[in-house]
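Student: First the structure, then my questions, so here it is.
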Amino acid sequence: MNGRILAIVAVLAIAVGGGVATYVLFRDRVPASTESASSSSASREPNAPSPNAPAEAPGGETTTTPRAARKPSAAAPARAPVETAPELGTLRIEADVPNAQVFLDRQFIGNAPVTAENVKPGTHTLNVSAEGFDSVAQTLDVEPGPRDVAVRFREVRLNASLAVIHKHRMGSCKGQLVATPQGIRYDTDDKDDRFTAGLGDLEQFVVDYLDKNLKIKVRKGKQYNFTDPDGNADRLFVFQREVDKVRQRLAKGEAAAN
């Protein structure tokens with residue numbers, strides 16, 4: 001009886017020992033990747049949220065974690081300011097006589113050379129005077145921007161005209177006397193009375209104020225007796241005076257303006 005019990009205990013001991021040996025043998029052959037995966041899975045916290053996953057706010061509401069703000073792009077280079085066209089005019093006025101007095105629209109602006117700024121575009125009157133010379137008057141059409149204006153006192157200018165009637169011994173003819181520094185001419189439909197002559201070729205050039213008559217005698221030519229159509233002797237006198245001043249200046253050797 002005791003021998004059978006001992007035999008059974010021995011068999012059980014052998015079986016238990018074999019199972020333990022088998023377990024130890026197979027445990028040493030488990031792949032390293034399996035252990036790493038198991039350990040990684042085990043070490044990860046089951047409830048750790050992902051970086052972009054919604055977070056649960058207190059009270060059960062869900063909020064989204066904002067992403068990092070983008071860096072602002074570089075600012076575009078500032079454009080250079082656009083130059084606008086000037087709206088007013090600038091007049092730079094000079095004269096061939098020093099310190100000539102300059103008036104613009106009857107307002108004294110200084111002695112030449114002088115600059116008139118902020119002049120409105122349009123028509124303006126320029127008057128310049130110098131001692132010993134006739135005043136110079138010009139009409140200027142001012143535009144936006146700068147402009148140079150040169151006044152020449154020493155240049156001889158003349159642009160005079162006068163409507164006249166030429167008295168013949170029998171009858172008369174109507175026409176126009178025109179005078180420039182280059183000469184004087186009589187324009188008329190009567191081709192026999194037309195003439196052109198240099199100012200230095202006038203042998204006679206006088207006004208008879210009482211007779212209201214302008215007498216002109218051209219060297220080696222005819223003599224003319226001109227009257228005003230309205231009988232106005234003053235017009236004849238003014239014309240004769242302007243032309244005679246220019247004749248005297250040219251005789252002194254001053255240059256005629258073109």
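Chain lettering (A, B, ...) mirrors the order of the structure tokens, residue numbering begins at 1 for each chain separately, and ligand numbering begins at 1 in order of display.
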Env of Ala95 (chain A): 9 Å cut, atoms = only C-alpha atoms, seq-sep filter 6 positions within chain, self excluded. Answer as a PyMOL selection string.
Tutor: chain A and resi 112-113+128+149-153
Student: Residues as selected, C-alpha atoms, written as a PDB file, in the first residue's frame, can you do that?
Tutor:
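Produced file selection_7.pdb, reproduced below:
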```pdb
ATOM      1  CA  ALA A 112      14.443 141.933 -62.640  1.00  0.00           C
ATOM      2  CA  PRO A 113      15.591 139.238 -62.441  1.00  0.00           C
ATOM      3  CA  VAL A 128       8.373 145.992 -67.354  1.00  0.00           C
ATOM      4  CA  VAL A 149      10.428 135.319 -69.879  1.00  0.00           C
ATOM      5  CA  ALA A 150      13.148 137.556 -71.333  1.00  0.00           C
ATOM      6  CA  VAL A 151      12.469 141.267 -71.778  1.00  0.00           C
ATOM      7  CA  ARG A 152      14.756 143.088 -74.206  1.00  0.00           C
ATOM      8  CA  PHE A 153      14.720 146.878 -73.895  1.00  0.00           C
TER       9      PHE A 153
END
```
Student: From the list A:Arg154, A:Arg219, A:Lys120, A:Arg92, which residue is nearest Gly132 (chain A) when using only C-alpha atoms?
Tutor: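 Closest to Gly132 (chain A), using only C-alpha atoms: A:Arg154.
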Student: Separation of CA of Asp192 (chain A) and CA of Phe239 (chain A), in Å?
Tutor: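 About the pair CA of Asp192 (chain A) and CA of Phe239 (chain A): they are 23.5 Å apart.
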Student: Could you state the separation of CA of Leu91 (chain A) and CA of Ala255 (chain A) in Å, given to one decimal place?
Tutor: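 Between CA of Leu91 (chain A) and CA of Ala255 (chain A) the gap works out to 26.3 Å.
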Student: Do a neighbour search on Val142 (chain A) at 7 Å with only C-alpha atoms, toss out local chain neighbours closer than 6 positions, and write the hits as a list of chain:residue names.
Tutor: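 So, after excluding close chain neighbours, the residues are A:Gly89, A:Pro121, A:Gly122, A:Thr123.
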Student: Based on the selection just made, write N, CA and C atoms of those residues as a CSV table (one decimal), in the first residue's frame.
Tutor:
```csv
chain,number,residue,atom,x,y,z
A,89,GLY,N,1.6,128.1,-62.2
A,89,GLY,CA,2.7,128.4,-63.0
A,89,GLY,C,3.8,129.2,-62.3
A,121,PRO,N,-3.0,129.5,-64.0
A,121,PRO,CA,-3.0,129.4,-65.5
A,121,PRO,C,-4.1,130.3,-66.1
A,122,GLY,N,-3.7,130.9,-67.3
A,122,GLY,CA,-4.6,131.8,-68.0
A,122,GLY,C,-3.8,132.9,-68.5
A,123,THR,N,-4.6,134.0,-68.9
A,123,THR,CA,-4.0,135.2,-69.5
A,123,THR,C,-3.6,136.2,-68.5
```
Student: Between CA of Val238 (chain A) and CA of Cys173 (chain A), what is the spacing in Å?
Tutor: 21.7 Å
Student: Running DSSP on the backbone, which parts of region 132-238 of chain A land in strand (DSSP E or B), as a count of residues only?
Tutor: 59
Student: Point out the residue among A:Asn213, A:Asn225, A:Asn111, A:Asn258 with the least atom-to-atom distance to Phe237 (chain A), counting only C-alpha atoms.
Tutor: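 Among the listed residues, A:Asn213 lies closest to Phe237 (chain A).
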